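Undergrad: Structure supplied as input.cif; contents: mmCIF, N, CA and C atoms.
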data_my_file
loop_
_atom_site.label_atom_id
_atom_site.label_comp_id
_atom_site.auth_asym_id
_atom_site.auth_seq_id
_atom_site.Cartn_x
_atom_site.Cartn_y
_atom_site.Cartn_z
N MET A 10 -5.85 30.27 -50.80
CA MET A 10 -4.96 31.42 -50.67
C MET A 10 -4.49 31.54 -49.23
N TYR A 11 -3.27 31.90 -49.07
CA TYR A 11 -2.68 32.15 -47.77
C TYR A 11 -2.86 33.61 -47.40
N GLN A 12 -3.02 33.87 -46.11
CA GLN A 12 -2.96 35.22 -45.59
C GLN A 12 -1.86 35.24 -44.53
N ILE A 13 -1.16 36.35 -44.44
CA ILE A 13 -0.11 36.51 -43.44
C ILE A 13 -0.43 37.77 -42.64
N TYR A 14 -0.35 37.63 -41.31
CA TYR A 14 -0.62 38.75 -40.41
C TYR A 14 0.58 38.99 -39.50
N CYS A 15 0.75 40.23 -39.11
CA CYS A 15 1.76 40.61 -38.12
C CYS A 15 1.03 41.32 -36.98
N ASP A 16 1.00 40.68 -35.83
CA ASP A 16 0.31 41.25 -34.66
C ASP A 16 -1.11 41.69 -35.01
N GLY A 17 -1.79 40.93 -35.83
CA GLY A 17 -3.16 41.23 -36.21
C GLY A 17 -3.31 42.13 -37.43
N TYR A 18 -2.21 42.70 -37.93
CA TYR A 18 -2.25 43.56 -39.11
C TYR A 18 -2.00 42.72 -40.36
N LEU A 19 -2.82 42.90 -41.36
CA LEU A 19 -2.71 42.14 -42.60
C LEU A 19 -1.44 42.51 -43.35
N LEU A 20 -0.65 41.50 -43.71
CA LEU A 20 0.54 41.71 -44.52
C LEU A 20 0.38 41.18 -45.94
N HIS A 21 -0.30 40.03 -46.07
CA HIS A 21 -0.38 39.39 -47.38
C HIS A 21 -1.75 38.76 -47.60
N SER A 22 -2.33 39.07 -48.76
CA SER A 22 -3.61 38.48 -49.17
C SER A 22 -3.74 38.67 -50.67
N ASP A 23 -4.92 38.47 -51.20
CA ASP A 23 -5.13 38.68 -52.63
C ASP A 23 -5.44 40.14 -52.96
N ILE A 24 -5.48 41.00 -51.97
CA ILE A 24 -5.68 42.44 -52.18
C ILE A 24 -4.34 43.03 -52.64
N PRO A 25 -4.30 43.73 -53.78
CA PRO A 25 -3.02 44.18 -54.36
C PRO A 25 -2.10 44.96 -53.41
N GLU A 26 -2.64 45.89 -52.62
CA GLU A 26 -1.75 46.67 -51.74
C GLU A 26 -1.26 45.87 -50.53
N TYR A 27 -1.82 44.69 -50.33
CA TYR A 27 -1.41 43.82 -49.23
C TYR A 27 -0.76 42.54 -49.77
N GLN A 28 0.19 42.72 -50.66
CA GLN A 28 0.90 41.56 -51.20
C GLN A 28 2.38 41.69 -50.95
N LEU A 29 2.96 40.59 -50.53
CA LEU A 29 4.39 40.51 -50.30
C LEU A 29 5.04 39.90 -51.53
N ILE A 30 6.35 40.04 -51.62
CA ILE A 30 7.10 39.52 -52.76
C ILE A 30 7.98 38.37 -52.29
N ASP A 31 8.11 37.37 -53.14
CA ASP A 31 9.04 36.26 -52.91
C ASP A 31 8.82 35.59 -51.55
N VAL A 32 7.56 35.25 -51.27
CA VAL A 32 7.21 34.60 -50.00
C VAL A 32 7.62 33.14 -50.05
N LYS A 33 8.37 32.72 -49.02
CA LYS A 33 8.80 31.32 -48.92
C LYS A 33 8.57 30.82 -47.51
N LEU A 34 7.76 29.78 -47.38
CA LEU A 34 7.50 29.15 -46.10
C LEU A 34 8.07 27.74 -46.17
N GLN A 35 9.00 27.43 -45.27
CA GLN A 35 9.61 26.10 -45.21
C GLN A 35 9.20 25.45 -43.91
N MET A 36 8.62 24.27 -44.03
CA MET A 36 8.15 23.55 -42.84
C MET A 36 8.62 22.10 -42.91
N GLU A 37 8.92 21.55 -41.72
CA GLU A 37 9.27 20.14 -41.58
C GLU A 37 8.63 19.63 -40.30
N VAL A 38 8.39 18.35 -40.24
CA VAL A 38 7.80 17.75 -39.05
C VAL A 38 8.79 17.89 -37.89
N ASN A 39 8.29 18.29 -36.72
CA ASN A 39 9.06 18.45 -35.49
C ASN A 39 10.19 19.46 -35.59
N LYS A 40 10.07 20.42 -36.49
CA LYS A 40 11.04 21.50 -36.62
C LYS A 40 10.28 22.81 -36.68
N PRO A 41 10.91 23.91 -36.29
CA PRO A 41 10.19 25.18 -36.22
C PRO A 41 9.83 25.78 -37.58
N GLY A 42 10.58 25.47 -38.60
CA GLY A 42 10.33 26.05 -39.91
C GLY A 42 10.71 27.51 -39.97
N ASN A 43 10.60 28.12 -41.16
CA ASN A 43 10.92 29.53 -41.31
C ASN A 43 10.11 30.13 -42.46
N LEU A 44 10.01 31.42 -42.42
CA LEU A 44 9.27 32.19 -43.41
C LEU A 44 10.14 33.36 -43.82
N SER A 45 10.23 33.60 -45.12
CA SER A 45 10.95 34.77 -45.60
C SER A 45 10.09 35.46 -46.66
N PHE A 46 10.24 36.77 -46.75
CA PHE A 46 9.50 37.55 -47.74
C PHE A 46 10.13 38.92 -47.87
N THR A 47 9.75 39.61 -48.94
CA THR A 47 10.14 41.00 -49.15
C THR A 47 8.88 41.84 -49.09
N ILE A 48 8.98 42.95 -48.38
CA ILE A 48 7.85 43.86 -48.26
C ILE A 48 8.27 45.23 -48.80
N LEU A 49 7.43 45.80 -49.64
CA LEU A 49 7.75 47.07 -50.29
C LEU A 49 7.56 48.24 -49.34
N PRO A 50 8.25 49.37 -49.58
CA PRO A 50 8.18 50.51 -48.66
C PRO A 50 6.79 51.16 -48.60
N GLU A 51 5.97 50.98 -49.63
CA GLU A 51 4.64 51.58 -49.62
C GLU A 51 3.57 50.67 -49.01
N HIS A 52 3.96 49.52 -48.51
CA HIS A 52 2.99 48.60 -47.90
C HIS A 52 2.35 49.29 -46.69
N PRO A 53 1.01 49.26 -46.58
CA PRO A 53 0.32 49.99 -45.49
C PRO A 53 0.73 49.55 -44.08
N ASN A 54 1.19 48.31 -43.89
CA ASN A 54 1.50 47.82 -42.54
C ASN A 54 2.97 47.53 -42.31
N LEU A 55 3.82 48.15 -43.11
CA LEU A 55 5.27 47.96 -42.93
C LEU A 55 5.72 48.36 -41.53
N SER A 56 5.17 49.42 -41.00
CA SER A 56 5.59 49.92 -39.68
C SER A 56 5.20 48.99 -38.53
N SER A 57 4.34 48.01 -38.78
CA SER A 57 3.93 47.09 -37.72
C SER A 57 4.97 46.00 -37.46
N LEU A 58 5.95 45.86 -38.35
CA LEU A 58 6.97 44.80 -38.21
C LEU A 58 8.02 45.20 -37.18
N LEU A 59 8.10 44.46 -36.10
CA LEU A 59 9.08 44.72 -35.05
C LEU A 59 9.92 43.47 -34.82
N LYS A 60 11.21 43.61 -35.06
CA LYS A 60 12.12 42.47 -34.92
C LYS A 60 12.09 41.92 -33.49
N ARG A 61 11.94 40.61 -33.39
CA ARG A 61 11.90 39.83 -32.15
C ARG A 61 10.70 40.15 -31.23
N LYS A 62 9.83 41.05 -31.65
CA LYS A 62 8.68 41.39 -30.82
C LYS A 62 7.36 41.04 -31.48
N SER A 63 7.32 41.10 -32.80
CA SER A 63 6.06 40.85 -33.52
C SER A 63 5.83 39.37 -33.72
N GLU A 64 4.55 38.98 -33.63
CA GLU A 64 4.17 37.60 -33.93
C GLU A 64 3.61 37.56 -35.35
N ILE A 65 4.17 36.67 -36.14
CA ILE A 65 3.73 36.48 -37.52
C ILE A 65 2.89 35.21 -37.57
N LYS A 66 1.73 35.30 -38.21
CA LYS A 66 0.86 34.13 -38.38
C LYS A 66 0.54 33.95 -39.85
N VAL A 67 0.65 32.71 -40.30
CA VAL A 67 0.26 32.36 -41.66
C VAL A 67 -1.03 31.55 -41.55
N TYR A 68 -2.04 31.99 -42.29
CA TYR A 68 -3.34 31.31 -42.30
C TYR A 68 -3.55 30.63 -43.65
N LYS A 69 -4.13 29.47 -43.60
CA LYS A 69 -4.56 28.77 -44.82
C LYS A 69 -6.00 28.32 -44.56
N ASN A 70 -6.91 28.76 -45.41
CA ASN A 70 -8.33 28.46 -45.24
C ASN A 70 -8.84 28.88 -43.85
N ASN A 71 -8.41 30.07 -43.41
CA ASN A 71 -8.82 30.67 -42.13
C ASN A 71 -8.39 29.87 -40.90
N ILE A 72 -7.40 29.01 -41.04
CA ILE A 72 -6.84 28.25 -39.92
C ILE A 72 -5.36 28.61 -39.81
N VAL A 73 -4.88 28.82 -38.58
CA VAL A 73 -3.47 29.14 -38.39
C VAL A 73 -2.64 27.95 -38.84
N TYR A 74 -1.77 28.20 -39.79
CA TYR A 74 -0.95 27.17 -40.42
C TYR A 74 0.47 27.17 -39.87
N TRP A 75 0.96 28.36 -39.46
CA TRP A 75 2.33 28.52 -38.96
C TRP A 75 2.39 29.79 -38.14
N LYS A 76 3.22 29.77 -37.07
CA LYS A 76 3.46 30.96 -36.25
C LYS A 76 4.95 31.14 -36.08
N GLY A 77 5.37 32.40 -35.98
CA GLY A 77 6.78 32.67 -35.76
C GLY A 77 7.01 34.11 -35.37
N ARG A 78 8.28 34.48 -35.43
CA ARG A 78 8.68 35.85 -35.09
C ARG A 78 9.76 36.32 -36.04
N ILE A 79 9.88 37.62 -36.19
CA ILE A 79 10.87 38.23 -37.09
C ILE A 79 12.23 38.20 -36.40
N VAL A 80 13.24 37.69 -37.10
CA VAL A 80 14.59 37.70 -36.53
C VAL A 80 15.56 38.51 -37.39
N GLU A 81 15.19 38.77 -38.64
CA GLU A 81 16.04 39.60 -39.50
C GLU A 81 15.17 40.55 -40.31
N ASP A 82 15.63 41.80 -40.43
CA ASP A 82 14.96 42.81 -41.24
C ASP A 82 16.05 43.61 -41.93
N ASN A 83 16.30 43.26 -43.19
CA ASN A 83 17.36 43.92 -43.96
C ASN A 83 16.74 44.87 -44.97
N VAL A 84 17.18 46.14 -44.92
CA VAL A 84 16.64 47.16 -45.82
C VAL A 84 17.52 47.22 -47.07
N ASN A 85 16.88 47.15 -48.24
CA ASN A 85 17.57 47.22 -49.52
C ASN A 85 17.70 48.67 -49.98
N LEU A 86 18.46 48.89 -51.05
CA LEU A 86 18.64 50.23 -51.59
C LEU A 86 17.32 50.87 -52.05
N ASP A 87 16.38 50.04 -52.50
CA ASP A 87 15.08 50.57 -52.94
C ASP A 87 14.11 50.74 -51.76
N LEU A 88 14.60 50.59 -50.53
CA LEU A 88 13.87 50.72 -49.28
C LEU A 88 12.88 49.59 -49.01
N SER A 89 12.92 48.56 -49.84
CA SER A 89 12.15 47.36 -49.52
C SER A 89 12.87 46.64 -48.38
N HIS A 90 12.12 45.82 -47.66
CA HIS A 90 12.68 45.09 -46.52
C HIS A 90 12.65 43.59 -46.81
N GLU A 91 13.78 42.94 -46.63
CA GLU A 91 13.82 41.49 -46.69
C GLU A 91 13.68 40.98 -45.26
N ILE A 92 12.61 40.22 -45.03
CA ILE A 92 12.26 39.77 -43.68
C ILE A 92 12.48 38.26 -43.58
N TYR A 93 13.09 37.86 -42.48
CA TYR A 93 13.27 36.43 -42.20
C TYR A 93 12.65 36.14 -40.83
N CYS A 94 11.80 35.13 -40.78
CA CYS A 94 11.11 34.76 -39.54
C CYS A 94 11.44 33.32 -39.20
N GLU A 95 11.56 33.05 -37.92
CA GLU A 95 11.76 31.67 -37.47
C GLU A 95 10.49 31.21 -36.76
N GLY A 96 10.26 29.90 -36.80
CA GLY A 96 9.07 29.32 -36.22
C GLY A 96 9.04 29.44 -34.71
N LYS A 97 7.86 29.34 -34.16
CA LYS A 97 7.63 29.54 -32.73
C LYS A 97 8.46 28.60 -31.86
N LEU A 98 8.70 27.38 -32.31
CA LEU A 98 9.48 26.43 -31.51
C LEU A 98 10.91 26.92 -31.25
N LYS A 99 11.44 27.79 -32.11
CA LYS A 99 12.78 28.33 -31.90
C LYS A 99 12.89 29.13 -30.60
N ALA A 100 11.76 29.61 -30.10
CA ALA A 100 11.77 30.38 -28.85
C ALA A 100 12.26 29.53 -27.68
N LEU A 101 12.20 28.21 -27.82
CA LEU A 101 12.69 27.33 -26.75
C LEU A 101 14.20 27.49 -26.55
N ASN A 102 14.91 28.02 -27.56
CA ASN A 102 16.34 28.27 -27.42
C ASN A 102 16.63 29.52 -26.59
N ASP A 103 15.62 30.34 -26.36
CA ASP A 103 15.81 31.60 -25.64
C ASP A 103 15.73 31.44 -24.12
N THR A 104 15.25 30.31 -23.65
CA THR A 104 15.04 30.13 -22.22
C THR A 104 15.93 29.02 -21.68
N LEU A 105 16.18 29.10 -20.37
CA LEU A 105 17.07 28.15 -19.71
C LEU A 105 16.34 27.34 -18.65
N ILE A 106 16.82 26.12 -18.47
CA ILE A 106 16.33 25.27 -17.39
C ILE A 106 17.47 25.12 -16.39
N ARG A 107 17.18 25.41 -15.13
CA ARG A 107 18.19 25.26 -14.08
C ARG A 107 18.55 23.79 -13.90
N PRO A 108 19.74 23.52 -13.39
CA PRO A 108 20.10 22.12 -13.14
C PRO A 108 19.07 21.43 -12.25
N ASP A 109 18.65 20.27 -12.67
CA ASP A 109 17.60 19.55 -11.96
C ASP A 109 17.54 18.13 -12.50
N ILE A 110 16.83 17.27 -11.81
CA ILE A 110 16.59 15.91 -12.28
C ILE A 110 15.11 15.79 -12.60
N PHE A 111 14.82 15.34 -13.81
CA PHE A 111 13.45 15.13 -14.26
C PHE A 111 13.27 13.63 -14.45
N ASP A 112 12.44 13.03 -13.64
CA ASP A 112 12.19 11.59 -13.72
C ASP A 112 10.70 11.37 -13.52
N ASP A 113 9.98 11.28 -14.64
CA ASP A 113 8.52 11.19 -14.57
C ASP A 113 8.01 10.72 -15.92
N THR A 114 6.69 10.77 -16.08
CA THR A 114 6.11 10.41 -17.36
C THR A 114 6.51 11.46 -18.40
N ALA A 115 6.51 11.08 -19.66
CA ALA A 115 6.87 12.01 -20.73
C ALA A 115 5.97 13.24 -20.70
N ASP A 116 4.68 13.02 -20.45
CA ASP A 116 3.73 14.13 -20.40
C ASP A 116 4.09 15.12 -19.29
N ASN A 117 4.43 14.61 -18.10
CA ASN A 117 4.77 15.49 -16.98
C ASN A 117 6.10 16.22 -17.20
N VAL A 118 7.09 15.52 -17.78
CA VAL A 118 8.38 16.17 -18.03
C VAL A 118 8.21 17.28 -19.07
N LEU A 119 7.51 17.00 -20.16
CA LEU A 119 7.28 18.00 -21.19
C LEU A 119 6.50 19.19 -20.62
N THR A 120 5.48 18.93 -19.83
CA THR A 120 4.71 20.01 -19.22
C THR A 120 5.59 20.84 -18.29
N SER A 121 6.48 20.20 -17.54
CA SER A 121 7.41 20.93 -16.67
C SER A 121 8.32 21.84 -17.47
N TYR A 122 8.89 21.31 -18.57
CA TYR A 122 9.76 22.12 -19.44
C TYR A 122 9.01 23.33 -19.98
N LEU A 123 7.79 23.10 -20.48
CA LEU A 123 7.04 24.20 -21.07
C LEU A 123 6.63 25.23 -20.02
N ASN A 124 6.29 24.79 -18.82
CA ASN A 124 5.97 25.73 -17.74
C ASN A 124 7.17 26.60 -17.40
N LEU A 125 8.36 25.99 -17.35
CA LEU A 125 9.58 26.76 -17.08
C LEU A 125 9.85 27.76 -18.20
N HIS A 126 9.67 27.32 -19.44
CA HIS A 126 9.85 28.21 -20.59
C HIS A 126 8.84 29.36 -20.54
N ASN A 127 7.57 29.03 -20.36
CA ASN A 127 6.50 30.03 -20.41
C ASN A 127 6.64 31.09 -19.32
N ALA A 128 7.25 30.74 -18.21
CA ALA A 128 7.46 31.71 -17.12
C ALA A 128 8.52 32.75 -17.49
N GLN A 129 9.31 32.48 -18.53
CA GLN A 129 10.43 33.36 -18.89
C GLN A 129 10.19 34.21 -20.14
N VAL A 130 9.03 34.04 -20.79
CA VAL A 130 8.81 34.72 -22.07
C VAL A 130 7.51 35.51 -22.07
N LEU A 131 7.36 36.35 -23.09
CA LEU A 131 6.11 37.08 -23.28
C LEU A 131 4.99 36.12 -23.66
N GLU A 132 3.77 36.55 -23.50
CA GLU A 132 2.62 35.66 -23.72
C GLU A 132 2.60 35.05 -25.13
N PHE A 133 2.91 35.85 -26.17
CA PHE A 133 2.83 35.30 -27.52
C PHE A 133 3.95 34.30 -27.81
N GLN A 134 4.98 34.25 -26.96
CA GLN A 134 6.07 33.29 -27.16
C GLN A 134 5.85 32.01 -26.36
N GLN A 135 4.79 31.96 -25.59
CA GLN A 135 4.51 30.77 -24.80
C GLN A 135 4.06 29.63 -25.69
N ILE A 136 4.40 28.43 -25.27
CA ILE A 136 4.05 27.22 -26.02
C ILE A 136 3.22 26.33 -25.10
N LYS A 137 2.05 25.99 -25.57
CA LYS A 137 1.15 25.13 -24.79
C LYS A 137 1.34 23.68 -25.20
N PRO A 138 1.28 22.75 -24.24
CA PRO A 138 1.44 21.34 -24.60
C PRO A 138 0.25 20.84 -25.41
N GLY A 139 0.52 19.96 -26.33
CA GLY A 139 -0.53 19.35 -27.14
C GLY A 139 -0.75 17.92 -26.66
N THR A 140 -1.14 17.07 -27.56
CA THR A 140 -1.35 15.66 -27.24
C THR A 140 -0.05 14.91 -27.44
N LEU A 141 0.37 14.21 -26.43
CA LEU A 141 1.63 13.47 -26.48
C LEU A 141 1.31 11.99 -26.63
N GLN A 142 2.04 11.33 -27.52
CA GLN A 142 1.78 9.93 -27.78
C GLN A 142 2.88 9.02 -27.24
N ILE A 143 3.71 9.54 -26.37
CA ILE A 143 4.77 8.75 -25.74
C ILE A 143 4.26 8.33 -24.37
N THR A 144 4.34 7.04 -24.06
CA THR A 144 3.84 6.57 -22.78
C THR A 144 4.96 6.21 -21.81
N ASP A 145 6.20 6.19 -22.28
CA ASP A 145 7.32 5.83 -21.42
C ASP A 145 7.67 6.96 -20.45
N ASP A 146 8.41 6.58 -19.43
CA ASP A 146 8.95 7.58 -18.51
C ASP A 146 10.21 8.18 -19.11
N ILE A 147 10.54 9.40 -18.65
CA ILE A 147 11.73 10.09 -19.11
C ILE A 147 12.58 10.43 -17.89
N TYR A 148 13.88 10.19 -18.02
CA TYR A 148 14.83 10.56 -16.97
C TYR A 148 15.84 11.51 -17.60
N ARG A 149 15.94 12.74 -17.04
CA ARG A 149 16.92 13.72 -17.52
C ARG A 149 17.62 14.30 -16.31
N ASP A 150 18.92 14.19 -16.28
CA ASP A 150 19.74 14.77 -15.22
C ASP A 150 20.48 15.96 -15.81
N LEU A 151 19.92 17.15 -15.61
CA LEU A 151 20.51 18.37 -16.16
C LEU A 151 21.50 18.93 -15.14
N ARG A 152 22.75 18.93 -15.51
CA ARG A 152 23.80 19.40 -14.60
C ARG A 152 24.20 20.84 -14.86
N ASN A 153 23.87 21.35 -16.00
CA ASN A 153 24.20 22.74 -16.38
C ASN A 153 22.91 23.47 -16.74
N TYR A 154 23.01 24.75 -16.86
CA TYR A 154 21.89 25.52 -17.38
C TYR A 154 21.79 25.23 -18.87
N GLU A 155 20.72 24.61 -19.28
CA GLU A 155 20.55 24.24 -20.69
C GLU A 155 19.33 24.94 -21.25
N SER A 156 19.35 25.14 -22.56
CA SER A 156 18.17 25.73 -23.18
C SER A 156 17.01 24.75 -23.12
N THR A 157 15.82 25.30 -23.02
CA THR A 157 14.64 24.46 -22.94
C THR A 157 14.55 23.55 -24.13
#
Output the structure of this file as structure tokens.

TA:
Amino acid sequence: MYQIYCDGYLLHSDIPEYQLIDVKLQMEVNKPGNLSFTILPEHPNLSSLLKRKSEIKVYKNNIVYWKGRIVEDNVNLDLSHEIYCEGKLKALNDTLIRPDIFDDTADNVLTSYLNLHNAQVLEFQQIKPGTLQITDDIYRDLRNYEST
């Protein structure tokens, strides 16, 4: 069973009052993925959902399976909310890298990009480097302000 949390508040589980409707999680390798669901107006944690500020986590077998943030919250006539979330990697579109030349190992260039990104965002939007399997050097000549 999957559980979904918003900033630590339970949104979805096997408990009847904590169930979402029409939950869809789409994931692809090296892509941020997205999550959509409908939440009813009587849900105990509806008020915890904050567009672009809340962190959504999907757990599978008590392990974080996906992370993201709310980007759309549409209220229906029955006062239910249709929520659309984008994956954490999409936050890289929110930050800019100043013009610069990056000529180093792939690990160092990626770490530099993530450090620049992390300095511009809130803590929950920061992305930590993982294990990189590229051993080649990378050369990037950024002449304009580009998204991370």

Undergrad: Go through A:Arg78, A:Arg61, A:Lys40, A:Arg152 one by one, measure the shortest atom-to-atom distance of each to Glu95 in chain A using only C-alpha atoms, and give the residue with the smallest value.

TA: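 Residue with the minimum atom-to-atom distance to Glu95 in chain A: A:Arg78.
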
Undergrad: Considering only N, CA and C atoms, return as a VMD selection string whatever protein or nucleic-acid residues lie within 8 Å of His52 in chain A, sequence-local ones (same chain, fewer than 4 positions apart) excluded.

TA: chain A and resid 26 to 28 48 56

Undergrad: Decode the PyMOL selection byres ((chain A and resi 104) around 7) for the given file into explicit residues and return them as a list of chain:residue names.

TA: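 Evaluating the PyMOL selection byres ((chain A and resi 104) around 7) on this file yields A:Ala100, A:Leu101, A:Asn102, A:Asp103, A:Leu105, A:Ile106, A:Leu125, A:His126, A:Gln129, A:Glu155, A:Ser156, A:Thr157.
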
Undergrad: Quick one: which residues end up in the PyMOL selection byres ((chain A and resi 147) around 5) for this structure, as a compact mmCIF listing (two decimals) with N, CA and C atoms, in the frame of the given file?

TA:
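Saved to selection_13.txt:
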# COMPACT_ATOMS: atom_id res chain seq x y z
N PHE A 111 14.82 15.34 -13.81
CA PHE A 111 13.45 15.13 -14.26
C PHE A 111 13.27 13.63 -14.45
N ASP A 112 12.44 13.03 -13.64
CA ASP A 112 12.19 11.59 -13.72
C ASP A 112 10.70 11.37 -13.52
N ASP A 113 9.98 11.28 -14.64
CA ASP A 113 8.52 11.19 -14.57
C ASP A 113 8.01 10.72 -15.92
N THR A 114 6.69 10.77 -16.08
CA THR A 114 6.11 10.41 -17.36
C THR A 114 6.51 11.46 -18.40
N ALA A 115 6.51 11.08 -19.66
CA ALA A 115 6.87 12.01 -20.73
C ALA A 115 5.97 13.24 -20.70
N ASP A 145 6.20 6.19 -22.28
CA ASP A 145 7.32 5.83 -21.42
C ASP A 145 7.67 6.96 -20.45
N ASP A 146 8.41 6.58 -19.43
CA ASP A 146 8.95 7.58 -18.51
C ASP A 146 10.21 8.18 -19.11
N TYR A 148 13.88 10.19 -18.02
CA TYR A 148 14.83 10.56 -16.97
C TYR A 148 15.84 11.51 -17.60
N ARG A 149 15.94 12.74 -17.04
CA ARG A 149 16.92 13.72 -17.52
C ARG A 149 17.62 14.30 -16.31

Undergrad: Find the residues near Gly17 in chain A: any atom within 9 Å, counting only C-alpha atoms, skip ones fewer than 5 places away on the same chain, and give them as a PDB file with N, CA and C atoms, keeping the file's coordinate frame.

TA:
ATOM      1  N   GLU A  64       4.550  38.980 -33.630  1.00  0.00           N
ATOM      2  CA  GLU A  64       4.170  37.600 -33.930  1.00  0.00           C
ATOM      3  C   GLU A  64       3.610  37.560 -35.350  1.00  0.00           C
ATOM      4  N   ILE A  65       4.170  36.670 -36.140  1.00  0.00           N
ATOM      5  CA  ILE A  65       3.730  36.480 -37.520  1.00  0.00           C
ATOM      6  C   ILE A  65       2.890  35.210 -37.570  1.00  0.00           C
ATOM      7  N   LYS A  66       1.730  35.300 -38.210  1.00  0.00           N
ATOM      8  CA  LYS A  66       0.860  34.130 -38.380  1.00  0.00           C
ATOM      9  C   LYS A  66       0.540  33.950 -39.850  1.00  0.00           C
TER      10      LYS A  66
END

Undergrad: Ranking A:Asn83, A:Ser63, A:Ser22, A:Asn127 by minimum distance to Met10 in chain A and counting only N, CA and C atoms, which one comes first?

TA: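 Once distances to Met10 in chain A are computed over only N, CA and C atoms, the minimum belongs to A:Ser22.
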
Undergrad: Using Å and a single decimal, report how far atom C of Ile110 in chain A sits from CA of Leu151 in chain A.

TA: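 Between CA of Leu151 in chain A and atom C of Ile110 in chain A the gap is 7.0 Å.
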